[in-house]
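S.K.: So here's data-v9.csv (CSV, N, CA and C atoms).
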```csv
chain,number,residue,atom,x,y,z
A,690,MET,N,36.0,9.6,-92.1
A,690,MET,CA,36.8,9.7,-93.3
A,690,MET,C,38.1,9.0,-93.1
A,691,LYS,N,38.7,9.1,-91.9
A,691,LYS,CA,40.0,8.5,-91.7
A,691,LYS,C,39.9,7.0,-91.7
A,692,LYS,N,38.8,6.4,-91.2
A,692,LYS,CA,38.6,5.0,-91.2
A,692,LYS,C,38.4,4.5,-92.6
A,693,LEU,N,37.7,5.3,-93.5
A,693,LEU,CA,37.5,4.9,-94.9
A,693,LEU,C,38.9,4.8,-95.6
A,694,GLY,N,39.7,5.8,-95.3
A,694,GLY,CA,41.1,5.8,-95.9
A,694,GLY,C,41.9,4.6,-95.5
A,695,ILE,N,41.8,4.3,-94.2
A,695,ILE,CA,42.6,3.1,-93.7
A,695,ILE,C,42.1,1.8,-94.4
A,696,ALA,N,40.7,1.7,-94.5
A,696,ALA,CA,40.1,0.5,-95.1
A,696,ALA,C,40.5,0.4,-96.5
A,697,LEU,N,40.5,1.6,-97.2
A,697,LEU,CA,40.9,1.6,-98.6
A,697,LEU,C,42.4,1.1,-98.8
A,698,ILE,N,43.3,1.6,-98.0
A,698,ILE,CA,44.7,1.2,-98.0
A,698,ILE,C,44.8,-0.3,-97.7
A,699,ALA,N,44.1,-0.8,-96.7
A,699,ALA,CA,44.2,-2.2,-96.4
A,699,ALA,C,43.7,-3.1,-97.5
A,700,LEU,N,42.6,-2.6,-98.2
A,700,LEU,CA,42.1,-3.4,-99.3
A,700,LEU,C,43.1,-3.4,-100.5
A,701,VAL,N,43.7,-2.3,-100.8
A,701,VAL,CA,44.7,-2.3,-101.8
A,701,VAL,C,45.9,-3.2,-101.5
A,702,LEU,N,46.4,-3.1,-100.3
A,702,LEU,CA,47.5,-4.0,-99.9
A,702,LEU,C,47.2,-5.4,-99.9
A,703,SER,N,46.0,-5.8,-99.5
A,703,SER,CA,45.6,-7.2,-99.6
A,703,SER,C,45.4,-7.7,-101.0
A,704,ALA,N,45.0,-6.8,-101.9
A,704,ALA,CA,44.8,-7.2,-103.3
A,704,ALA,C,46.2,-7.4,-103.9
A,705,CYS,N,47.2,-6.6,-103.5
A,705,CYS,CA,48.5,-6.8,-104.0
A,705,CYS,C,49.1,-8.1,-103.5
A,706,ALA,N,48.9,-8.4,-102.3
A,706,ALA,CA,49.4,-9.7,-101.7
A,706,ALA,C,48.9,-10.9,-102.3
A,707,SER,N,47.7,-10.8,-102.9
A,707,SER,CA,47.1,-12.0,-103.5
A,707,SER,C,47.2,-12.1,-105.0
A,708,SER,N,48.0,-11.2,-105.5
A,708,SER,CA,48.2,-11.2,-107.0
A,708,SER,C,48.9,-12.5,-107.4
A,709,PRO,N,48.5,-13.0,-108.6
A,709,PRO,CA,49.1,-14.2,-109.1
A,709,PRO,C,50.6,-13.9,-109.4
A,710,ALA,N,51.4,-15.0,-109.3
A,710,ALA,CA,52.8,-14.9,-109.6
A,710,ALA,C,53.0,-14.5,-111.0
A,711,THR,N,54.2,-13.8,-111.2
A,711,THR,CA,54.5,-13.4,-112.6
A,711,THR,C,55.9,-14.0,-112.9
A,712,TRP,N,56.3,-13.7,-114.1
A,712,TRP,CA,57.6,-14.2,-114.6
A,712,TRP,C,58.7,-13.3,-114.2
A,713,LYS,N,58.5,-12.4,-113.3
A,713,LYS,CA,59.4,-11.4,-112.9
A,713,LYS,C,60.7,-12.1,-112.3
A,714,GLY,N,61.8,-11.5,-112.8
A,714,GLY,CA,63.1,-12.0,-112.3
A,714,GLY,C,63.7,-13.2,-113.1
A,715,MET,N,63.0,-13.5,-114.2
A,715,MET,CA,63.4,-14.6,-115.0
A,715,MET,C,63.8,-14.1,-116.4
A,716,SER,N,64.8,-14.7,-117.0
A,716,SER,CA,65.2,-14.3,-118.4
A,716,SER,C,64.2,-14.9,-119.3
A,717,GLU,N,64.2,-14.4,-120.6
A,717,GLU,CA,63.3,-14.9,-121.6
A,717,GLU,C,63.6,-16.4,-121.8
A,718,ARG,N,64.9,-16.8,-121.8
A,718,ARG,CA,65.3,-18.2,-122.0
A,718,ARG,C,64.7,-19.0,-120.9
A,719,ASP,N,64.8,-18.6,-119.6
A,719,ASP,CA,64.2,-19.3,-118.5
A,719,ASP,C,62.7,-19.5,-118.6
A,720,ILE,N,62.1,-18.4,-119.0
A,720,ILE,CA,60.6,-18.4,-119.1
A,720,ILE,C,60.2,-19.4,-120.2
A,721,ALA,N,60.9,-19.4,-121.3
A,721,ALA,CA,60.6,-20.3,-122.4
A,721,ALA,C,60.8,-21.8,-121.9
A,722,ALA,N,61.9,-22.0,-121.1
A,722,ALA,CA,62.1,-23.4,-120.6
A,722,ALA,C,61.0,-23.8,-119.7
A,723,TRP,N,60.5,-23.0,-118.8
A,723,TRP,CA,59.4,-23.3,-117.9
A,723,TRP,C,58.1,-23.5,-118.7
A,724,LYS,N,57.9,-22.7,-119.7
A,724,LYS,CA,56.6,-22.8,-120.5
A,724,LYS,C,56.7,-24.1,-121.3
A,725,GLU,N,57.9,-24.5,-121.8
A,725,GLU,CA,58.0,-25.7,-122.6
A,725,GLU,C,57.7,-26.9,-121.8
A,726,ILE,N,57.9,-26.9,-120.5
A,726,ILE,CA,57.5,-28.1,-119.7
A,726,ILE,C,56.1,-28.0,-119.2
A,727,GLY,N,55.4,-26.9,-119.5
A,727,GLY,CA,54.0,-26.8,-119.2
A,727,GLY,C,53.8,-26.1,-117.8
A,728,PHE,N,54.8,-25.5,-117.3
A,728,PHE,CA,54.6,-24.8,-116.0
A,728,PHE,C,54.1,-23.4,-116.2
A,729,ASN,N,53.2,-22.9,-115.4
A,729,ASN,CA,52.8,-21.5,-115.4
A,729,ASN,C,53.8,-20.7,-114.5
A,730,ALA,N,53.6,-19.4,-114.5
A,730,ALA,CA,54.5,-18.5,-113.7
A,730,ALA,C,54.5,-18.9,-112.2
A,731,GLU,N,53.3,-19.2,-111.7
A,731,GLU,CA,53.2,-19.5,-110.3
A,731,GLU,C,54.0,-20.8,-110.0
A,732,GLN,N,53.8,-21.8,-110.8
A,732,GLN,CA,54.5,-23.1,-110.6
A,732,GLN,C,56.0,-22.9,-110.7
A,733,ALA,N,56.4,-22.2,-111.8
A,733,ALA,CA,57.8,-21.9,-112.0
A,733,ALA,C,58.5,-21.2,-110.9
A,734,GLN,N,57.8,-20.2,-110.4
A,734,GLN,CA,58.4,-19.4,-109.3
A,734,GLN,C,58.5,-20.3,-108.0
A,735,ALA,N,57.6,-21.1,-107.8
A,735,ALA,CA,57.6,-22.0,-106.6
A,735,ALA,C,58.8,-23.0,-106.7
A,736,TRP,N,58.9,-23.6,-107.8
A,736,TRP,CA,59.9,-24.6,-108.0
A,736,TRP,C,61.3,-24.0,-108.0
A,737,LYS,N,61.4,-22.8,-108.7
A,737,LYS,CA,62.6,-22.1,-108.8
A,737,LYS,C,63.0,-21.6,-107.4
A,738,GLY,N,62.1,-21.1,-106.6
A,738,GLY,CA,62.3,-20.7,-105.2
A,738,GLY,C,62.8,-21.8,-104.3
A,739,ALA,N,62.5,-23.0,-104.7
A,739,ALA,CA,62.9,-24.2,-103.9
A,739,ALA,C,64.2,-24.8,-104.4
A,740,GLY,N,64.8,-24.1,-105.4
A,740,GLY,CA,66.1,-24.5,-105.9
A,740,GLY,C,66.2,-25.4,-107.1
A,741,PHE,N,65.0,-25.6,-107.7
A,741,PHE,CA,65.0,-26.4,-108.9
A,741,PHE,C,65.0,-25.6,-110.2
A,742,ASN,N,65.7,-26.1,-111.2
A,742,ASN,CA,65.5,-25.4,-112.5
A,742,ASN,C,64.4,-26.1,-113.3
A,743,ALA,N,64.2,-25.6,-114.5
A,743,ALA,CA,63.1,-26.2,-115.3
A,743,ALA,C,63.3,-27.7,-115.6
A,744,GLU,N,64.5,-28.0,-116.0
A,744,GLU,CA,64.9,-29.4,-116.4
A,744,GLU,C,64.7,-30.3,-115.2
A,745,GLN,N,65.1,-29.9,-114.0
A,745,GLN,CA,65.0,-30.7,-112.8
A,745,GLN,C,63.5,-30.9,-112.4
A,746,SER,N,62.8,-29.8,-112.5
A,746,SER,CA,61.4,-29.8,-112.1
A,746,SER,C,60.6,-30.7,-113.0
A,747,SER,N,60.9,-30.6,-114.3
A,747,SER,CA,60.2,-31.5,-115.3
A,747,SER,C,60.5,-33.0,-115.0
A,748,ALA,N,61.7,-33.3,-114.6
A,748,ALA,CA,62.1,-34.7,-114.3
A,748,ALA,C,61.3,-35.2,-113.1
A,749,TRP,N,61.2,-34.4,-112.0
A,749,TRP,CA,60.5,-34.8,-110.8
A,749,TRP,C,59.0,-34.9,-111.1
A,750,ALA,N,58.5,-33.9,-111.9
A,750,ALA,CA,57.0,-33.9,-112.2
A,750,ALA,C,56.7,-35.1,-113.0
A,751,LYS,N,57.5,-35.5,-114.0
A,751,LYS,CA,57.3,-36.7,-114.9
A,751,LYS,C,57.3,-38.0,-114.1
A,752,GLN,N,58.0,-38.0,-113.0
A,752,GLN,CA,58.0,-39.2,-112.1
A,752,GLN,C,56.8,-39.1,-111.1
A,753,GLY,N,56.0,-38.1,-111.2
A,753,GLY,CA,54.8,-38.1,-110.3
A,753,GLY,C,55.0,-37.4,-109.0
A,754,PHE,N,56.0,-36.5,-108.8
A,754,PHE,CA,56.2,-35.8,-107.6
A,754,PHE,C,55.7,-34.4,-107.7
A,755,ASN,N,55.1,-33.9,-106.6
A,755,ASN,CA,54.8,-32.5,-106.5
A,755,ASN,C,56.0,-31.8,-105.9
A,756,LEU,N,56.0,-30.5,-105.8
A,756,LEU,CA,57.1,-29.7,-105.3
A,756,LEU,C,57.6,-30.2,-103.9
A,757,ASP,N,56.6,-30.3,-103.0
A,757,ASP,CA,57.0,-30.7,-101.6
A,757,ASP,C,57.6,-32.1,-101.5
A,758,SER,N,57.1,-33.1,-102.2
A,758,SER,CA,57.6,-34.4,-102.1
A,758,SER,C,59.0,-34.4,-102.9
A,759,ALA,N,59.1,-33.8,-104.0
A,759,ALA,CA,60.3,-33.7,-104.7
A,759,ALA,C,61.4,-33.1,-103.9
A,760,GLN,N,61.1,-32.1,-103.2
A,760,GLN,CA,62.1,-31.4,-102.4
A,760,GLN,C,62.6,-32.3,-101.2
A,761,SER,N,61.6,-33.0,-100.6
A,761,SER,CA,61.9,-33.9,-99.5
A,761,SER,C,62.9,-35.1,-100.0
A,762,TRP,N,62.5,-35.7,-101.1
A,762,TRP,CA,63.4,-36.8,-101.6
A,762,TRP,C,64.7,-36.2,-102.1
A,763,LYS,N,64.7,-35.1,-102.8
A,763,LYS,CA,66.0,-34.5,-103.2
A,763,LYS,C,66.9,-34.2,-102.1
A,764,ASN,N,66.3,-33.7,-101.0
A,764,ASN,CA,67.1,-33.3,-99.8
A,764,ASN,C,67.8,-34.5,-99.2
A,765,GLN,N,67.3,-35.7,-99.5
A,765,GLN,CA,67.9,-36.9,-99.0
A,765,GLN,C,68.8,-37.6,-100.1
A,766,SER,N,69.1,-36.8,-101.1
A,766,SER,CA,70.0,-37.2,-102.2
A,766,SER,C,69.5,-38.3,-103.1
A,767,PHE,N,68.2,-38.3,-103.3
A,767,PHE,CA,67.6,-39.2,-104.3
A,767,PHE,C,67.4,-38.4,-105.6
A,768,ASN,N,67.6,-39.1,-106.7
A,768,ASN,CA,67.2,-38.4,-108.0
A,768,ASN,C,65.7,-38.9,-108.3
A,769,PRO,N,65.1,-38.2,-109.3
A,769,PRO,CA,63.7,-38.6,-109.5
A,769,PRO,C,63.4,-40.1,-109.8
A,770,GLU,N,64.3,-40.7,-110.6
A,770,GLU,CA,64.1,-42.1,-110.9
A,770,GLU,C,64.2,-43.0,-109.7
A,771,GLU,N,65.3,-42.7,-108.9
A,771,GLU,CA,65.5,-43.5,-107.7
A,771,GLU,C,64.3,-43.4,-106.7
A,772,ALA,N,63.8,-42.1,-106.6
A,772,ALA,CA,62.7,-41.9,-105.7
A,772,ALA,C,61.5,-42.6,-106.1
A,773,LYS,N,61.2,-42.5,-107.4
A,773,LYS,CA,60.0,-43.2,-107.9
A,773,LYS,C,60.1,-44.7,-107.7
A,774,SER,N,61.3,-45.3,-107.9
A,774,SER,CA,61.5,-46.7,-107.7
A,774,SER,C,61.2,-47.1,-106.3
A,775,TRP,N,61.7,-46.3,-105.4
A,775,TRP,CA,61.5,-46.6,-103.9
A,775,TRP,C,60.0,-46.5,-103.6
A,776,LYS,N,59.4,-45.4,-104.1
A,776,LYS,CA,57.9,-45.3,-103.9
A,776,LYS,C,57.1,-46.4,-104.5
A,777,MET,N,57.4,-46.7,-105.7
A,777,MET,CA,56.7,-47.8,-106.4
A,777,MET,C,56.8,-49.1,-105.7
A,778,SER,N,57.9,-49.3,-105.0
A,778,SER,CA,58.1,-50.5,-104.2
A,778,SER,C,57.5,-50.5,-102.8
A,779,GLY,N,56.8,-49.4,-102.5
A,779,GLY,CA,56.0,-49.3,-101.3
A,779,GLY,C,56.8,-48.6,-100.1
A,780,PHE,N,57.9,-48.0,-100.4
A,780,PHE,CA,58.6,-47.3,-99.4
A,780,PHE,C,58.2,-45.9,-99.2
A,781,ASP,N,58.1,-45.4,-98.0
A,781,ASP,CA,58.0,-44.0,-97.7
A,781,ASP,C,59.5,-43.4,-97.6
A,782,LEU,N,59.6,-42.1,-97.6
A,782,LEU,CA,61.0,-41.5,-97.6
A,782,LEU,C,61.8,-42.0,-96.5
A,783,GLU,N,61.3,-42.0,-95.3
A,783,GLU,CA,62.1,-42.4,-94.1
A,783,GLU,C,62.6,-43.8,-94.2
A,784,THR,N,61.7,-44.7,-94.6
A,784,THR,CA,62.1,-46.1,-94.8
A,784,THR,C,63.1,-46.3,-95.9
A,785,ALA,N,62.9,-45.6,-97.0
A,785,ALA,CA,63.8,-45.6,-98.1
A,785,ALA,C,65.2,-45.2,-97.7
A,786,VAL,N,65.3,-44.1,-96.9
A,786,VAL,CA,66.6,-43.6,-96.5
A,786,VAL,C,67.3,-44.7,-95.6
A,787,GLU,N,66.5,-45.2,-94.7
A,787,GLU,CA,67.1,-46.3,-93.8
A,787,GLU,C,67.5,-47.5,-94.6
A,788,SER,N,66.7,-47.9,-95.5
A,788,SER,CA,67.1,-49.1,-96.3
A,788,SER,C,68.3,-48.8,-97.2
A,789,ARG,N,68.3,-47.7,-97.8
A,789,ARG,CA,69.4,-47.3,-98.7
A,789,ARG,C,70.7,-47.3,-97.8
A,790,ASP,N,70.6,-46.7,-96.6
A,790,ASP,CA,71.8,-46.6,-95.8
A,790,ASP,C,72.3,-48.0,-95.3
A,791,GLN,N,71.5,-49.0,-95.4
A,791,GLN,CA,71.9,-50.4,-95.1
A,791,GLN,C,72.4,-51.1,-96.4
A,792,GLY,N,72.4,-50.4,-97.5
A,792,GLY,CA,72.9,-51.0,-98.7
A,792,GLY,C,71.8,-51.7,-99.5
A,793,LEU,N,70.6,-51.5,-99.2
A,793,LEU,CA,69.5,-52.2,-99.9
A,793,LEU,C,69.0,-51.3,-101.1
A,794,THR,N,68.4,-52.0,-102.0
A,794,THR,CA,67.8,-51.3,-103.1
A,794,THR,C,66.4,-51.8,-103.3
A,795,PRO,N,65.5,-51.0,-103.9
A,795,PRO,CA,64.1,-51.4,-104.0
A,795,PRO,C,64.0,-52.5,-105.1
A,796,VAL,N,63.0,-53.3,-105.0
A,796,VAL,CA,62.7,-54.3,-106.1
A,796,VAL,C,62.1,-53.5,-107.2
A,797,LYS,N,62.6,-53.8,-108.4
A,797,LYS,CA,62.1,-53.1,-109.6
A,797,LYS,C,60.7,-53.7,-109.9
A,798,VAL,N,59.7,-52.8,-110.1
A,798,VAL,CA,58.4,-53.1,-110.5
A,798,VAL,C,58.2,-52.8,-112.0
A,799,GLU,N,57.9,-53.8,-112.7
A,799,GLU,CA,57.7,-53.6,-114.2
A,799,GLU,C,56.3,-53.3,-114.5
```
Would you give me this structure, written as structure tokens?

M.R.:
Amino acid sequence: MKKLGIALIALVLSACASSPATWKGMSERDIAAWKEIGFNAEQAQAWKGAGFNAEQSSAWAKQGFNLDSAQSWKNQSFNPEEAKSWKMSGFDLETAVESRDQGLTPVKVE
């Protein structure tokens, strides 16, 4: 019986850990902003947890960046438009940083 009780507790705890993200901790205004840009609660919580607000997240997503790549480029002081320009010109982040530090800019692709 003791093993059954432990198994039941473990099952309940694992179910709680895999629960989908909620809007918890966000104001109604914030929730509306995230929903307006098409993000669900899980996406909003992830981007918010990484230090982005809804407006910033939308800008990065519109330029084709997921959370991980947006965070990497942002951490190197690129804005979404700059980052896209570098990527569209064939640069990876490391090369873009090196080139920018040398005073270079990417060639604009139309």

S.K.: Give the answer as one residue: which of A:Leu782, A:Met777, A:Ile720, A:Ala735 has the shortest atom-to-atom distance to Ser758 of chain A, using only C-alpha atoms?

M.R.: A:Leu782

S.K.: Could you jot down the atom CA of Met715 of chain A to atom CA of Asn768 of chain A separation for me, Å, one decimal place?

M.R.: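 Those two atoms sit 25.1 Å apart.
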
S.K.: Quote the spacing between atom N of Ala710 of chain A and atom CA of Ala730 of chain A in Å to one decimal place.

M.R.: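 Atom-to-atom, atom N of Ala710 of chain A to atom CA of Ala730 of chain A, that is 6.4 Å.
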
S.K.: I'd like the neighbourhood of Ala722 of chain A as a list in words, where a residue qualifies if any of its atoms comes within 8 Å (using all atoms listed in the file), though same-chain residues fewer than 4 positions away should be ignored.

M.R.: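 Here the qualifying residues turn out to be Ser716, Glu717, Arg718, Ile726, Gly727, Phe728, Asn742, Ala743 and Glu744 of chain A.
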
S.K.: Go ahead and dump the residues you just picked, N, CA and C atoms, as an mmCIF file, keeping the file's coordinate frame.

M.R.:
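To be explicit, this is the file written out as part06.cif:
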```
data_model
loop_
_atom_site.group_PDB
_atom_site.id
_atom_site.type_symbol
_atom_site.label_atom_id
_atom_site.label_comp_id
_atom_site.auth_asym_id
_atom_site.auth_seq_id
_atom_site.Cartn_x
_atom_site.Cartn_y
_atom_site.Cartn_z
ATOM 1 N N SER A 716 64.800 -14.700 -117.000
ATOM 2 C CA SER A 716 65.200 -14.300 -118.400
ATOM 3 C C SER A 716 64.200 -14.900 -119.300
ATOM 4 N N GLU A 717 64.200 -14.400 -120.600
ATOM 5 C CA GLU A 717 63.300 -14.900 -121.600
ATOM 6 C C GLU A 717 63.600 -16.400 -121.800
ATOM 7 N N ARG A 718 64.900 -16.800 -121.800
ATOM 8 C CA ARG A 718 65.300 -18.200 -122.000
ATOM 9 C C ARG A 718 64.700 -19.000 -120.900
ATOM 10 N N ILE A 726 57.900 -26.900 -120.500
ATOM 11 C CA ILE A 726 57.500 -28.100 -119.700
ATOM 12 C C ILE A 726 56.100 -28.000 -119.200
ATOM 13 N N GLY A 727 55.400 -26.900 -119.500
ATOM 14 C CA GLY A 727 54.000 -26.800 -119.200
ATOM 15 C C GLY A 727 53.800 -26.100 -117.800
ATOM 16 N N PHE A 728 54.800 -25.500 -117.300
ATOM 17 C CA PHE A 728 54.600 -24.800 -116.000
ATOM 18 C C PHE A 728 54.100 -23.400 -116.200
ATOM 19 N N ASN A 742 65.700 -26.100 -111.200
ATOM 20 C CA ASN A 742 65.500 -25.400 -112.500
ATOM 21 C C ASN A 742 64.400 -26.100 -113.300
ATOM 22 N N ALA A 743 64.200 -25.600 -114.500
ATOM 23 C CA ALA A 743 63.100 -26.200 -115.300
ATOM 24 C C ALA A 743 63.300 -27.700 -115.600
ATOM 25 N N GLU A 744 64.500 -28.000 -116.000
ATOM 26 C CA GLU A 744 64.900 -29.400 -116.400
ATOM 27 C C GLU A 744 64.700 -30.300 -115.200
#
```

S.K.: From a backbone DSSP assignment, name each residue in segment 697-792 of chain A labelled alpha helix (DSSP H), as a PyMOL selection string.

M.R.: chain A and resi 697-706+717-725+730-738+743-751+756-764+769-777+782-790

S.K.: Nearest to Glu787 of chain A: which of A:Ser747, A:Gln765, A:Gln732, A:Ser774 is it, counting only C-alpha atoms?

M.R.: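 Under the stated criterion, the closest residue is A:Gln765.
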
S.K.: Quick one: axis-aligned box around all listed atoms of segment 716-726 of chain A, 5 Å on every side, centre and edge lengths in Å to one decimal, written as AutoDock Vina command-line options.

M.R.:
```
--center_x 60.7 --center_y -21.2 --center_z -119.8 --size_x 19.2 --size_y 23.8 --size_z 15.6
```

S.K.: One decimal, Å: what's the distance from atom N of Ala750 of chain A over to atom C of Ser788 of chain A, could you say?

M.R.: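 Separation of atom N of Ala750 of chain A and atom C of Ser788 of chain A: 23.1 Å.
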
S.K.: Residues near Glu770 of chain A, anyone? I mean within 12 Å using only C-alpha atoms, not counting same-chain ones fewer than 4 positions away, as a list in words.

M.R.: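 Residues meeting the cut-off are Gln745, Ala748, Trp749, Ala750, Lys751, Gln752, Gly753, Phe754, Ala759, Trp762, Lys763, Ser766, Ser774, Trp775, Lys776, Met777, Pro795 and Lys797 of chain A.
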
S.K.: Please reconstruct the missing atoms of segment 709-729 of chain A (target: N, CA, C and O atoms) and return them as a PDB file, keeping the file's coordinate frame.

M.R.:
```
ATOM      1  N   PRO A 709      48.500 -13.000-108.600  1.00  0.00           N
ATOM      2  CA  PRO A 709      49.100 -14.200-109.100  1.00  0.00           C
ATOM      3  C   PRO A 709      50.600 -13.900-109.400  1.00  0.00           C
ATOM      4  O   PRO A 709      51.041 -12.810-109.654  1.00  0.00           O
ATOM      5  N   ALA A 710      51.400 -15.000-109.300  1.00  0.00           N
ATOM      6  CA  ALA A 710      52.800 -14.900-109.600  1.00  0.00           C
ATOM      7  C   ALA A 710      53.000 -14.500-111.000  1.00  0.00           C
ATOM      8  O   ALA A 710      52.233 -14.734-111.889  1.00  0.00           O
ATOM      9  N   THR A 711      54.200 -13.800-111.200  1.00  0.00           N
ATOM     10  CA  THR A 711      54.500 -13.400-112.600  1.00  0.00           C
ATOM     11  C   THR A 711      55.900 -14.000-112.900  1.00  0.00           C
ATOM     12  O   THR A 711      56.481 -14.718-112.152  1.00  0.00           O
ATOM     13  N   TRP A 712      56.300 -13.700-114.100  1.00  0.00           N
ATOM     14  CA  TRP A 712      57.600 -14.200-114.600  1.00  0.00           C
ATOM     15  C   TRP A 712      58.700 -13.300-114.200  1.00  0.00           C
ATOM     16  O   TRP A 712      59.875 -13.480-114.594  1.00  0.00           O
ATOM     17  N   LYS A 713      58.500 -12.400-113.300  1.00  0.00           N
ATOM     18  CA  LYS A 713      59.400 -11.400-112.900  1.00  0.00           C
ATOM     19  C   LYS A 713      60.700 -12.100-112.300  1.00  0.00           C
ATOM     20  O   LYS A 713      60.659 -13.046-111.620  1.00  0.00           O
ATOM     21  N   GLY A 714      61.800 -11.500-112.800  1.00  0.00           N
ATOM     22  CA  GLY A 714      63.100 -12.000-112.300  1.00  0.00           C
ATOM     23  C   GLY A 714      63.700 -13.200-113.100  1.00  0.00           C
ATOM     24  O   GLY A 714      64.722 -13.731-112.799  1.00  0.00           O
ATOM     25  N   MET A 715      63.000 -13.500-114.200  1.00  0.00           N
ATOM     26  CA  MET A 715      63.400 -14.600-115.000  1.00  0.00           C
ATOM     27  C   MET A 715      63.800 -14.100-116.400  1.00  0.00           C
ATOM     28  O   MET A 715      63.128 -13.187-116.925  1.00  0.00           O
ATOM     29  N   SER A 716      64.800 -14.700-117.000  1.00  0.00           N
ATOM     30  CA  SER A 716      65.200 -14.300-118.400  1.00  0.00           C
ATOM     31  C   SER A 716      64.200 -14.900-119.300  1.00  0.00           C
ATOM     32  O   SER A 716      63.433 -15.816-119.007  1.00  0.00           O
ATOM     33  N   GLU A 717      64.200 -14.400-120.600  1.00  0.00           N
ATOM     34  CA  GLU A 717      63.300 -14.900-121.600  1.00  0.00           C
ATOM     35  C   GLU A 717      63.600 -16.400-121.800  1.00  0.00           C
ATOM     36  O   GLU A 717      62.732 -17.207-122.075  1.00  0.00           O
ATOM     37  N   ARG A 718      64.900 -16.800-121.800  1.00  0.00           N
ATOM     38  CA  ARG A 718      65.300 -18.200-122.000  1.00  0.00           C
ATOM     39  C   ARG A 718      64.700 -19.000-120.900  1.00  0.00           C
ATOM     40  O   ARG A 718      64.193 -20.122-121.129  1.00  0.00           O
ATOM     41  N   ASP A 719      64.800 -18.600-119.600  1.00  0.00           N
ATOM     42  CA  ASP A 719      64.200 -19.300-118.500  1.00  0.00           C
ATOM     43  C   ASP A 719      62.700 -19.500-118.600  1.00  0.00           C
ATOM     44  O   ASP A 719      62.147 -20.536-118.434  1.00  0.00           O
ATOM     45  N   ILE A 720      62.100 -18.400-119.000  1.00  0.00           N
ATOM     46  CA  ILE A 720      60.600 -18.400-119.100  1.00  0.00           C
ATOM     47  C   ILE A 720      60.200 -19.400-120.200  1.00  0.00           C
ATOM     48  O   ILE A 720      59.301 -20.201-120.038  1.00  0.00           O
ATOM     49  N   ALA A 721      60.900 -19.400-121.300  1.00  0.00           N
ATOM     50  CA  ALA A 721      60.600 -20.300-122.400  1.00  0.00           C
ATOM     51  C   ALA A 721      60.800 -21.800-121.900  1.00  0.00           C
ATOM     52  O   ALA A 721      60.023 -22.655-122.277  1.00  0.00           O
ATOM     53  N   ALA A 722      61.900 -22.000-121.100  1.00  0.00           N
ATOM     54  CA  ALA A 722      62.100 -23.400-120.600  1.00  0.00           C
ATOM     55  C   ALA A 722      61.000 -23.800-119.700  1.00  0.00           C
ATOM     56  O   ALA A 722      60.523 -24.987-119.819  1.00  0.00           O
ATOM     57  N   TRP A 723      60.500 -23.000-118.800  1.00  0.00           N
ATOM     58  CA  TRP A 723      59.400 -23.300-117.900  1.00  0.00           C
ATOM     59  C   TRP A 723      58.100 -23.500-118.700  1.00  0.00           C
ATOM     60  O   TRP A 723      57.404 -24.489-118.452  1.00  0.00           O
ATOM     61  N   LYS A 724      57.900 -22.700-119.700  1.00  0.00           N
ATOM     62  CA  LYS A 724      56.600 -22.800-120.500  1.00  0.00           C
ATOM     63  C   LYS A 724      56.700 -24.100-121.300  1.00  0.00           C
ATOM     64  O   LYS A 724      55.676 -24.774-121.504  1.00  0.00           O
ATOM     65  N   GLU A 725      57.900 -24.500-121.800  1.00  0.00           N
ATOM     66  CA  GLU A 725      58.000 -25.700-122.600  1.00  0.00           C
ATOM     67  C   GLU A 725      57.700 -26.900-121.800  1.00  0.00           C
ATOM     68  O   GLU A 725      57.132 -27.865-122.419  1.00  0.00           O
ATOM     69  N   ILE A 726      57.900 -26.900-120.500  1.00  0.00           N
ATOM     70  CA  ILE A 726      57.500 -28.100-119.700  1.00  0.00           C
ATOM     71  C   ILE A 726      56.100 -28.000-119.200  1.00  0.00           C
ATOM     72  O   ILE A 726      55.685 -28.869-118.416  1.00  0.00           O
ATOM     73  N   GLY A 727      55.400 -26.900-119.500  1.00  0.00           N
ATOM     74  CA  GLY A 727      54.000 -26.800-119.200  1.00  0.00           C
ATOM     75  C   GLY A 727      53.800 -26.100-117.800  1.00  0.00           C
ATOM     76  O   GLY A 727      52.652 -26.237-117.300  1.00  0.00           O
ATOM     77  N   PHE A 728      54.800 -25.500-117.300  1.00  0.00           N
ATOM     78  CA  PHE A 728      54.600 -24.800-116.000  1.00  0.00           C
ATOM     79  C   PHE A 728      54.100 -23.400-116.200  1.00  0.00           C
ATOM     80  O   PHE A 728      54.576 -22.700-117.154  1.00  0.00           O
ATOM     81  N   ASN A 729      53.200 -22.900-115.400  1.00  0.00           N
ATOM     82  CA  ASN A 729      52.800 -21.500-115.400  1.00  0.00           C
ATOM     83  C   ASN A 729      53.800 -20.700-114.500  1.00  0.00           C
ATOM     84  O   ASN A 729      54.623 -21.266-113.878  1.00  0.00           O
TER      85      ASN A 729
END
```
